[in-house]
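**Student:** There's a structure below that I have some questions on.
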2 protein chains.
Amino acid sequence: MKPGNKVKRIEGVLSPVITPFRKDYAPDAGRFVRHCRWLLKSGCAGLAVFGTNSEANSMSVAEKRALLEALVAGGVPAASLMPGTGHSALSDSIEMTRAAVELGCAGVLMLPPFYYKGVSDEGLYRSFAEVIERVGDERLQLYLYHIPPVSQVPITLGLIEKLLAKYPGIVAGAKDSSGDWSNTKAMLEAFAKDGFDVFAGSEAFLLDNMRHGGKGCITATGNINPGPIANVYRNWRSAEADKLQAGISTTRKIVQKQPMIPALKASVAHFGNDPQWRTCRPPLVELSAAQEETLLTELKAAGFSMPGLAS
Amino acid sequence: MKPGNKVKRIEGVLSPVITPFRKDYAPDAGRFVRHCRWLLKSGCAGLAVFGTNSEANSMSVAEKRALLEALVAGGVPAASLMPGTGHSALSDSIEMTRAAVELGCAGVLMLPPFYYKGVSDEGLYRSFAEVIERVGDERLQLYLYHIPPVSQVPITLGLIEKLLAKYPGIVAGAKDSSGDWSNTKAMLEAFAKDGFDVFAGSEAFLLDNMRHGGKGCITATGNINPGPIANVYRNWRSAEADKLQAGISTTRKIVQKQPMIPALKASVAHFGNDPQWRTCRPPLVELSAAQEETLLTELKAAGFSMPGLAS
């Protein structure tokens with residue numbers, strides 16, 4: 001392992017940043033940098049760029065490296081970044097993880113290889129271990145990304161235990177997007193005491209996660225509602241916490257009635273007065289006119305806004 | 001579309017070629033070329049390199065392009081090649097498809113983007129259409145790869161109909177690895193008359209497929225048993241056909257008791273006297289000693305051999 005000083009770990013609310021595309025589906029670095037700066041200004045402690053909500057797996061490694069470099073060049077601190085670096089191809093995961101570490105990112109959020117289903121924990125262990133060994137850099141802080149509804153490949157407690165035993169300090173935590181609080185709770189009970197930082201995959205579990213030793217959440221709606229969600233994080237010990245949590249859950253419920261990623265993009269397009277944001281890269285498609293009208297009508301009725309977004 | 005002459009379409013038995021890796025998990029071009037030459041010599045009409053059995057999605061586009069170029073440089077005719085070129089990333093699918101067409105490959109076998117689940121046919125249509133338009137070359141012959149047990153993203157009859165209407169001649173056929181004969185039959189009934197070439201995803205359906213207007217099969221066990229499977233293809237109209245089909249099904253049943261990909265690799269390692277073939281890239285793992293012993297004992301008891309493999 002190449003020696004190096006680790007960046008301070010991120011705690012709080014992270015946004016899995018949506019990725020803007022041009023009409024020809026090329027990633028749009030300018031809009032991406034502007035949205036990231038708005039998110040940090042609006043309460044996000046960090047940016048989990050290249051997550052599921054980012055359409056990350058619809059982009060090549062080269063496209064993602066270019067976006068990551070544009071962020072740092074555009075003044076977004078690398079210490080605020082936790083890019084997704086897990087691919088189905090081992091070699092892609094190694095290349096992307098190495099690029100993130102060399103740029104000084106605070107961490108990486110890594111999917112398991114997701115093409116083959118029903119693979120063994122031994123195979124997944126080898127996959128993560130091979131990335132860690134090949135990157136070979138003590139600065140690496142790796143967060144495991146458990147999202148079985150999409151990846152169909154789970155990160156089991158047994159796998160975490162084995163990785164943590166072999167790579168303490170490098171295996172830094174997890175994002176649990178199972179939607180199953182009992183799984184998040186089991187992760188916390190088993191590993192939080194060992195410095196394993198657990199992030200809930202939705203703000204719906206933010207308070208529960210904090211009350212059981214978690215470190216925050218990485219949530220889709222962090223893209224559009226970062227201020228109020230960060231406010232719950234900051235005040236989770238207060239008497240007001242449950243009331244604040246109820247407030248952010250209202251927004252969540254409105255948004256998740258629609259397909260999530262195009263709904264986030266439609267919200268940014270509307271409240272930021274920037275229609276090009278609606279474009280999704282295939283295989284995703286934008287909301288229908290009717291879906292978008294329902295979304296925006298309900299958000300406005302709930303008093304939702306995105307302060308400072310429109311330029 | 002750039003004008004160009006299409007290569008003659010492949011019909012018969014294709015092998016989704018297993019990929020050899022070195023101890024450090026790097027793809028091994030030398031062993032790959034040798035295995036491909038043996039397959040063509042032994043009865044395969046074509047080579048569906050970079051399929052599911054090839055661990056293709058565990059490799060980067062750059063690694064696959066290098067292997068494809070090594071094949072052509074090593075004397076494997078491009079006209080015998082139908083590489084897999086579908087990735088979760090649109091840009092990767094475009095790059096790999098373009099590379100295959102420019103090398104003169106007979107066709108490409110394309111997975112749908114497979115990270116997001118439950119996507120719409122409209123989104124999948126846009127994805128395939130975008131690849132076709134970006135490659136923009138009349139030489140392209142695209143075969144749709146339907147393998148819902150692994151990809152979890154189906155190619156529906158409605159999607160085929162829409163693509164075939166817009167891109168006749170370019171959309172050339174499909175491989176059906178659903179394992180559901182009624183689906184293959186429905187594809188044949190709906191589209192075979194329009195020059196849509198259907199390949200069964202397993203030799204178990206080879207005779208049925210031929211009897212209903214299909215063009216052959218692309219089958220895992222084609223890696224180790226190409227001669228007898230090609231013999232069924234050549235004699236499908238003969239009185240012996242059902243007996244020949246029963247013979248190849250015996251081998252299939254022995255192999256598929258074990259995890260398929262490591263079982264194919266163990267067979268090549270054993271019968272080719274080349275132990276390095278056992279290596280799988282993570283997340284796949286090689287067979288246990290007990291699994292391999294069962295496999296080899298049963299294959300030998302059935303009189304199985306791989307003529308001409310050991311050098």
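Quick note on naming: the chains in the structure tokens go A, B, ... in the order shown, residues restart at 1 in each chain, and ligands are numbered from 1 in order of appearance.
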Hey, what does DSSP flag as helix (DSSP H, G or I) within region 34-202 of chain B? Can you give it to me as JSON, numbers by chain?
**Tutor:** {"B": [34, 35, 36, 37, 38, 39, 40, 41, 52, 53, 54, 56, 57, 58, 61, 62, 63, 64, 65, 66, 67, 68, 69, 70, 71, 72, 73, 78, 79, 80, 90, 91, 92, 93, 94, 95, 96, 97, 98, 99, 100, 101, 102, 121, 122, 123, 124, 125, 126, 127, 128, 129, 130, 131, 132, 133, 134, 135, 148, 149, 150, 151, 157, 158, 159, 160, 161, 162, 163, 164, 165, 166, 181, 182, 183, 184, 185, 186, 187, 188, 189, 190, 191, 192, 193, 194]}
**Student:** Near Gly46 (chain B), within 12 Å and counting only C-alpha atoms, which residues show up once chain neighbours fewer than 4 positions away are dropped, as a ChimeraX atom specification?
**Tutor:** /B:8-17,36-42,76-83,105-108,216-219,222-223,226,230
**Student:** Looking at only C-alpha atoms, which of B:Thr97, B:Gln152, B:Thr184, B:Gln276 is the one that sits closest to chain A?
**Tutor:** B:Gln152
**Student:** Would you give me, as a list in words, the residues in region 96-309 of chain B that DSSP reads as strand (DSSP E)?
**Tutor:** Val108, Leu109, Met110, Leu142, Tyr143, Leu144, Tyr145, His146, Val171, Ala172, Gly173, Ala174, Lys175, Asp176, Asp197, Val198, Phe199, Ala200, Gly216, Cys217 and Ile218 of chain B
**Student:** Need to verify the contact set: Gly30 (chain A), 9 Å, only C-alpha atoms, exclusion of same-chain residues closer than 5 positions in sequence. Can you return it as a list of chain:residue names?
**Tutor:**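 Once the nearby chain positions are removed, what remains is A:Pro20, A:His35, A:Ala70, A:Leu71, A:Gly74.
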**Student:** So what do you get for CA of Leu188 (chain B) versus CA of Val119 (chain B), distance-wise?
**Tutor:**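 Computing it gives 24.6 Å between the two atoms.
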**Student:** Counting only C-alpha atoms, which residues from chain B have an atom at most 10 Å from any atom of chain A, and could you show them as a ChimeraX atom specification?
**Tutor:** /B:24-26,52,55-63,87-93,95,112-130,149-152,259,280-286
**Student:** Write the residues of the selection above to a file with N, CA and C atoms, as a short mmCIF file (atom, residue, chain, number, x, y, z; two decimals), in the first residue's frame.
**Tutor:**
```cif
data_model
loop_
_atom_site.label_atom_id
_atom_site.label_comp_id
_atom_site.auth_asym_id
_atom_site.auth_seq_id
_atom_site.Cartn_x
_atom_site.Cartn_y
_atom_site.Cartn_z
N ASP B 24 -3.12 -13.03 -12.67
CA ASP B 24 -3.44 -11.68 -12.19
C ASP B 24 -4.77 -11.17 -12.76
N TYR B 25 -5.55 -12.06 -13.32
CA TYR B 25 -6.89 -11.77 -13.87
C TYR B 25 -6.85 -10.96 -15.17
N ALA B 26 -5.68 -10.77 -15.77
CA ALA B 26 -5.63 -10.10 -17.07
C ALA B 26 -6.12 -11.07 -18.14
N THR B 52 -22.48 -13.81 -22.05
CA THR B 52 -22.57 -14.05 -20.61
C THR B 52 -21.54 -15.07 -20.16
N GLU B 55 -17.78 -14.01 -19.43
CA GLU B 55 -17.48 -13.02 -18.38
C GLU B 55 -17.24 -11.65 -19.01
N ALA B 56 -17.96 -11.38 -20.09
CA ALA B 56 -17.73 -10.15 -20.86
C ALA B 56 -17.97 -8.90 -20.03
N ASN B 57 -19.01 -8.95 -19.19
CA ASN B 57 -19.32 -7.75 -18.42
C ASN B 57 -18.40 -7.58 -17.22
N SER B 58 -17.47 -8.50 -17.05
CA SER B 58 -16.41 -8.32 -16.04
C SER B 58 -15.18 -7.68 -16.66
N MET B 59 -15.24 -7.37 -17.95
CA MET B 59 -14.11 -6.75 -18.66
C MET B 59 -14.46 -5.36 -19.17
N SER B 60 -13.45 -4.51 -19.28
CA SER B 60 -13.66 -3.16 -19.83
C SER B 60 -13.76 -3.23 -21.34
N VAL B 61 -14.26 -2.17 -21.94
CA VAL B 61 -14.31 -2.08 -23.40
C VAL B 61 -12.90 -2.18 -23.98
N ALA B 62 -11.94 -1.53 -23.36
CA ALA B 62 -10.56 -1.56 -23.88
C ALA B 62 -10.02 -2.99 -23.89
N GLU B 63 -10.29 -3.75 -22.84
CA GLU B 63 -9.83 -5.14 -22.79
C GLU B 63 -10.47 -5.98 -23.88
N HIS B 87 -23.76 -2.95 -23.16
CA HIS B 87 -23.26 -2.62 -21.83
C HIS B 87 -24.35 -1.85 -21.08
N SER B 88 -24.13 -1.63 -19.80
CA SER B 88 -25.09 -0.77 -19.11
C SER B 88 -24.90 0.67 -19.56
N ALA B 89 -23.69 1.05 -19.95
CA ALA B 89 -23.44 2.43 -20.38
C ALA B 89 -23.63 2.57 -21.88
N LEU B 90 -24.50 3.49 -22.27
CA LEU B 90 -24.79 3.74 -23.69
C LEU B 90 -23.50 4.00 -24.47
N SER B 91 -22.62 4.80 -23.93
CA SER B 91 -21.38 5.16 -24.63
C SER B 91 -20.48 3.94 -24.83
N ASP B 92 -20.47 3.02 -23.86
CA ASP B 92 -19.68 1.79 -24.02
C ASP B 92 -20.27 0.92 -25.14
N SER B 93 -21.59 0.84 -25.20
CA SER B 93 -22.23 0.03 -26.24
C SER B 93 -21.93 0.60 -27.62
N GLU B 95 -19.27 2.45 -28.48
CA GLU B 95 -17.85 2.24 -28.80
C GLU B 95 -17.56 0.81 -29.22
N PRO B 112 -29.58 -5.52 -23.60
CA PRO B 112 -30.13 -4.21 -23.25
C PRO B 112 -29.30 -3.62 -22.10
N PRO B 113 -29.35 -2.31 -21.89
CA PRO B 113 -28.70 -1.76 -20.69
C PRO B 113 -29.32 -2.43 -19.47
N PHE B 114 -28.48 -2.92 -18.56
CA PHE B 114 -28.98 -3.86 -17.54
C PHE B 114 -28.86 -3.40 -16.10
N TYR B 115 -28.50 -2.13 -15.86
CA TYR B 115 -28.45 -1.71 -14.45
C TYR B 115 -29.85 -1.39 -13.93
N TYR B 116 -30.55 -0.51 -14.60
CA TYR B 116 -31.89 -0.15 -14.14
C TYR B 116 -32.88 -1.26 -14.47
N LYS B 117 -33.76 -1.56 -13.53
CA LYS B 117 -34.76 -2.60 -13.72
C LYS B 117 -36.13 -1.94 -13.92
N GLY B 118 -37.02 -2.64 -14.58
CA GLY B 118 -38.37 -2.12 -14.77
C GLY B 118 -38.42 -0.92 -15.71
N VAL B 119 -37.44 -0.81 -16.61
CA VAL B 119 -37.45 0.32 -17.55
C VAL B 119 -38.48 0.08 -18.65
N SER B 120 -38.85 1.15 -19.32
CA SER B 120 -39.90 1.06 -20.35
C SER B 120 -39.35 0.58 -21.67
N ASP B 121 -40.23 0.02 -22.51
CA ASP B 121 -39.83 -0.34 -23.87
C ASP B 121 -39.38 0.90 -24.65
N GLU B 122 -39.99 2.04 -24.37
CA GLU B 122 -39.58 3.28 -25.03
C GLU B 122 -38.12 3.61 -24.69
N GLY B 123 -37.75 3.44 -23.44
CA GLY B 123 -36.36 3.70 -23.04
C GLY B 123 -35.39 2.72 -23.69
N LEU B 124 -35.80 1.45 -23.78
CA LEU B 124 -34.93 0.44 -24.42
C LEU B 124 -34.85 0.70 -25.92
N TYR B 125 -35.97 1.09 -26.51
CA TYR B 125 -35.96 1.43 -27.94
C TYR B 125 -34.97 2.57 -28.19
N ARG B 126 -35.05 3.61 -27.39
CA ARG B 126 -34.12 4.74 -27.56
C ARG B 126 -32.67 4.30 -27.43
N SER B 127 -32.43 3.37 -26.51
CA SER B 127 -31.07 2.91 -26.28
C SER B 127 -30.53 2.19 -27.52
N PHE B 128 -31.27 1.21 -28.04
CA PHE B 128 -30.81 0.49 -29.24
C PHE B 128 -30.74 1.43 -30.44
N ALA B 129 -31.74 2.29 -30.58
CA ALA B 129 -31.77 3.21 -31.73
C ALA B 129 -30.58 4.15 -31.70
N GLU B 130 -30.23 4.62 -30.51
CA GLU B 130 -29.10 5.55 -30.39
C GLU B 130 -27.79 4.86 -30.79
N PRO B 149 -33.13 -14.07 -17.09
CA PRO B 149 -32.68 -14.60 -15.80
C PRO B 149 -31.41 -13.89 -15.29
N VAL B 150 -30.61 -13.34 -16.19
CA VAL B 150 -29.38 -12.65 -15.75
C VAL B 150 -29.54 -11.14 -15.86
N SER B 151 -29.90 -10.66 -17.04
CA SER B 151 -29.98 -9.20 -17.22
C SER B 151 -31.12 -8.59 -16.42
N GLN B 152 -32.17 -9.37 -16.19
CA GLN B 152 -33.39 -8.90 -15.52
C GLN B 152 -34.14 -7.85 -16.34
N PRO B 259 -22.02 -24.88 -11.42
CA PRO B 259 -22.05 -23.50 -11.93
C PRO B 259 -21.44 -23.49 -13.34
N CYS B 280 -11.30 -17.82 -13.00
CA CYS B 280 -12.42 -16.94 -13.33
C CYS B 280 -12.12 -15.56 -12.76
N ARG B 281 -12.64 -14.55 -13.42
CA ARG B 281 -12.48 -13.21 -12.89
C ARG B 281 -13.55 -12.98 -11.83
N PRO B 282 -13.20 -12.35 -10.70
CA PRO B 282 -14.25 -12.02 -9.74
C PRO B 282 -15.35 -11.17 -10.40
N PRO B 283 -16.62 -11.38 -10.06
CA PRO B 283 -17.12 -12.08 -8.88
C PRO B 283 -17.31 -13.59 -9.06
N LEU B 284 -16.92 -14.17 -10.19
CA LEU B 284 -17.06 -15.62 -10.32
C LEU B 284 -15.87 -16.31 -9.68
N VAL B 285 -16.10 -17.54 -9.25
CA VAL B 285 -15.03 -18.33 -8.64
C VAL B 285 -14.97 -19.69 -9.33
N GLU B 286 -13.81 -20.31 -9.29
CA GLU B 286 -13.65 -21.62 -9.90
C GLU B 286 -14.46 -22.69 -9.13
#
```
**Student:** List the neighbours of region 168-179 of chain B out to 7 Å using only C-alpha atoms; skip same-chain residues closer than 4 positions along the sequence, and give me the result as an NGL selection string.
**Tutor:** :B and (140-149 or 163-164 or 184 or 196-201)
**Student:** I need the chosen residues saved as a compact mmCIF listing (two decimals), in the first residue's frame, with all heavy atoms.
**Tutor:**
```txt
# COMPACT_ATOMS: atom_id res chain seq x y z
N LEU B 140 -23.77 -2.85 -40.18
CA LEU B 140 -24.19 -3.36 -38.87
C LEU B 140 -25.31 -4.40 -38.99
O LEU B 140 -26.32 -4.16 -39.66
CB LEU B 140 -24.66 -2.20 -37.99
CG LEU B 140 -25.25 -2.55 -36.62
CD1 LEU B 140 -24.24 -3.31 -35.75
CD2 LEU B 140 -25.71 -1.29 -35.89
N GLN B 141 -25.12 -5.54 -38.35
CA GLN B 141 -26.19 -6.55 -38.21
C GLN B 141 -26.31 -6.84 -36.72
O GLN B 141 -25.42 -7.43 -36.12
CB GLN B 141 -25.86 -7.81 -39.02
CG GLN B 141 -25.76 -7.48 -40.51
CD GLN B 141 -25.62 -8.70 -41.40
OE1 GLN B 141 -26.52 -9.02 -42.15
NE2 GLN B 141 -24.47 -9.37 -41.35
N LEU B 142 -27.44 -6.40 -36.16
CA LEU B 142 -27.60 -6.40 -34.71
C LEU B 142 -28.57 -7.51 -34.27
O LEU B 142 -29.70 -7.57 -34.75
CB LEU B 142 -28.11 -5.01 -34.29
CG LEU B 142 -28.18 -4.67 -32.81
CD1 LEU B 142 -28.15 -3.14 -32.64
CD2 LEU B 142 -29.42 -5.22 -32.14
N TYR B 143 -28.10 -8.35 -33.38
CA TYR B 143 -28.92 -9.41 -32.80
C TYR B 143 -29.24 -9.02 -31.35
O TYR B 143 -28.34 -8.68 -30.59
CB TYR B 143 -28.17 -10.75 -32.82
CG TYR B 143 -27.88 -11.23 -34.23
CD1 TYR B 143 -26.79 -10.74 -34.95
CD2 TYR B 143 -28.70 -12.17 -34.86
CE1 TYR B 143 -26.53 -11.17 -36.25
CE2 TYR B 143 -28.45 -12.60 -36.16
CZ TYR B 143 -27.36 -12.10 -36.84
OH TYR B 143 -27.11 -12.52 -38.13
N LEU B 144 -30.51 -9.06 -31.02
CA LEU B 144 -30.96 -8.68 -29.67
C LEU B 144 -30.78 -9.86 -28.72
O LEU B 144 -31.11 -11.00 -29.07
CB LEU B 144 -32.43 -8.26 -29.74
CG LEU B 144 -32.69 -7.06 -30.67
CD1 LEU B 144 -34.17 -6.99 -31.06
CD2 LEU B 144 -32.23 -5.77 -30.02
N TYR B 145 -30.28 -9.57 -27.55
CA TYR B 145 -29.93 -10.64 -26.60
C TYR B 145 -30.93 -10.61 -25.43
O TYR B 145 -30.87 -9.76 -24.56
CB TYR B 145 -28.50 -10.39 -26.11
CG TYR B 145 -27.89 -11.48 -25.25
CD1 TYR B 145 -28.52 -12.69 -25.00
CD2 TYR B 145 -26.63 -11.28 -24.68
CE1 TYR B 145 -27.93 -13.66 -24.21
CE2 TYR B 145 -26.02 -12.24 -23.90
CZ TYR B 145 -26.68 -13.42 -23.65
OH TYR B 145 -26.09 -14.38 -22.86
N HIS B 146 -31.82 -11.61 -25.46
CA HIS B 146 -32.88 -11.73 -24.45
C HIS B 146 -32.46 -12.76 -23.40
O HIS B 146 -32.51 -13.96 -23.68
CB HIS B 146 -34.18 -12.16 -25.15
CG HIS B 146 -35.36 -12.35 -24.25
ND1 HIS B 146 -35.85 -11.36 -23.42
CD2 HIS B 146 -36.16 -13.44 -24.05
CE1 HIS B 146 -36.90 -11.83 -22.76
NE2 HIS B 146 -37.11 -13.08 -23.11
N ILE B 147 -32.07 -12.29 -22.24
CA ILE B 147 -31.62 -13.22 -21.19
C ILE B 147 -32.09 -12.71 -19.83
O ILE B 147 -31.31 -12.32 -18.95
CB ILE B 147 -30.08 -13.46 -21.24
CG1 ILE B 147 -29.64 -14.45 -20.17
CG2 ILE B 147 -29.28 -12.15 -21.19
CD1 ILE B 147 -28.22 -14.99 -20.30
N PRO B 148 -33.43 -12.68 -19.64
CA PRO B 148 -33.97 -12.10 -18.41
C PRO B 148 -33.49 -12.75 -17.11
O PRO B 148 -33.42 -12.05 -16.09
CB PRO B 148 -35.50 -12.21 -18.59
CG PRO B 148 -35.70 -13.16 -19.73
CD PRO B 148 -34.48 -13.09 -20.58
N PRO B 149 -33.13 -14.07 -17.09
CA PRO B 149 -32.68 -14.60 -15.80
C PRO B 149 -31.41 -13.89 -15.29
O PRO B 149 -31.18 -13.86 -14.09
CB PRO B 149 -32.37 -16.08 -16.11
CG PRO B 149 -33.17 -16.40 -17.33
CD PRO B 149 -33.19 -15.12 -18.13
N LEU B 163 -38.32 -1.95 -33.39
CA LEU B 163 -36.95 -1.81 -33.91
C LEU B 163 -36.86 -2.33 -35.35
O LEU B 163 -36.20 -1.74 -36.20
CB LEU B 163 -35.97 -2.57 -33.00
CG LEU B 163 -35.61 -1.87 -31.69
CD1 LEU B 163 -34.93 -2.83 -30.73
CD2 LEU B 163 -34.72 -0.65 -31.95
N LEU B 164 -37.54 -3.45 -35.58
CA LEU B 164 -37.50 -4.07 -36.91
C LEU B 164 -38.18 -3.17 -37.95
O LEU B 164 -37.73 -3.08 -39.10
CB LEU B 164 -38.20 -5.43 -36.82
CG LEU B 164 -37.86 -6.54 -37.80
CD1 LEU B 164 -36.36 -6.76 -37.92
CD2 LEU B 164 -38.55 -7.84 -37.35
N THR B 184 -39.55 -18.28 -27.42
CA THR B 184 -38.81 -18.45 -28.68
C THR B 184 -39.78 -18.69 -29.83
O THR B 184 -39.64 -18.10 -30.91
CB THR B 184 -37.84 -19.65 -28.56
OG1 THR B 184 -37.14 -19.57 -27.32
CG2 THR B 184 -36.85 -19.67 -29.71
N PHE B 196 -35.83 -12.24 -39.67
CA PHE B 196 -35.31 -12.06 -38.31
C PHE B 196 -34.83 -13.44 -37.84
O PHE B 196 -35.63 -14.37 -37.68
CB PHE B 196 -36.45 -11.53 -37.42
CG PHE B 196 -36.07 -11.17 -36.02
CD1 PHE B 196 -35.47 -9.94 -35.74
CD2 PHE B 196 -36.33 -12.04 -34.96
CE1 PHE B 196 -35.15 -9.58 -34.43
CE2 PHE B 196 -36.00 -11.69 -33.65
CZ PHE B 196 -35.41 -10.47 -33.39
N ASP B 197 -33.52 -13.56 -37.65
CA ASP B 197 -32.91 -14.87 -37.38
C ASP B 197 -32.88 -15.16 -35.88
O ASP B 197 -32.19 -14.47 -35.12
CB ASP B 197 -31.48 -14.90 -37.93
CG ASP B 197 -31.45 -14.85 -39.45
OD1 ASP B 197 -32.52 -14.92 -40.08
OD2 ASP B 197 -30.34 -14.73 -40.02
N VAL B 198 -33.59 -16.20 -35.50
CA VAL B 198 -33.68 -16.54 -34.07
C VAL B 198 -32.74 -17.70 -33.73
O VAL B 198 -32.78 -18.76 -34.37
CB VAL B 198 -35.13 -16.88 -33.68
CG1 VAL B 198 -35.20 -17.32 -32.21
CG2 VAL B 198 -36.05 -15.68 -33.91
N PHE B 199 -31.91 -17.47 -32.72
CA PHE B 199 -31.03 -18.51 -32.20
C PHE B 199 -31.51 -18.90 -30.81
O PHE B 199 -31.76 -18.04 -29.96
CB PHE B 199 -29.59 -17.98 -32.10
CG PHE B 199 -28.96 -17.75 -33.44
CD1 PHE B 199 -29.13 -16.54 -34.11
CD2 PHE B 199 -28.21 -18.75 -34.06
CE1 PHE B 199 -28.57 -16.33 -35.36
CE2 PHE B 199 -27.65 -18.55 -35.31
CZ PHE B 199 -27.83 -17.34 -35.97
N ALA B 200 -31.63 -20.21 -30.58
CA ALA B 200 -31.95 -20.68 -29.25
C ALA B 200 -30.74 -20.45 -28.35
O ALA B 200 -29.60 -20.52 -28.80
CB ALA B 200 -32.30 -22.17 -29.28
N GLY B 201 -31.00 -20.18 -27.09
CA GLY B 201 -29.92 -19.89 -26.15
C GLY B 201 -29.33 -21.13 -25.53
O GLY B 201 -28.43 -21.04 -24.69
```
**Student:** If you measure from CA of Ile18 (chain B) to CA of Arg211 (chain B), what distance in Å do you get, rounded to one decimal?
**Tutor:**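 Answer for the CA of Ile18 (chain B) to CA of Arg211 (chain B) separation: 28.5 Å.
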**Student:** Quick one: pull the distance between CA of Gly51 (chain B) and CA of Glu102 (chain B), Å, one decimal.
**Tutor:**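 Between CA of Gly51 (chain B) and CA of Glu102 (chain B) the gap works out to 19.4 Å.
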**Student:** Rank A:Thr221, A:Thr19, A:Asn209, A:Gln258 by their smallest atom-to-atom distance to Trp236 (chain A), using only C-alpha atoms, and report the top residue only.
**Tutor:**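 For Trp236 (chain A), the nearest of the given residues is A:Asn209.
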**Student:** Which one of A:Lys23, A:Ile224, A:Ala192, A:Glu69 sits closest to Thr279 (chain A) if you count only C-alpha atoms?
**Tutor:**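 Looking at the shortest contact to Thr279 (chain A), the residue is A:Lys23.
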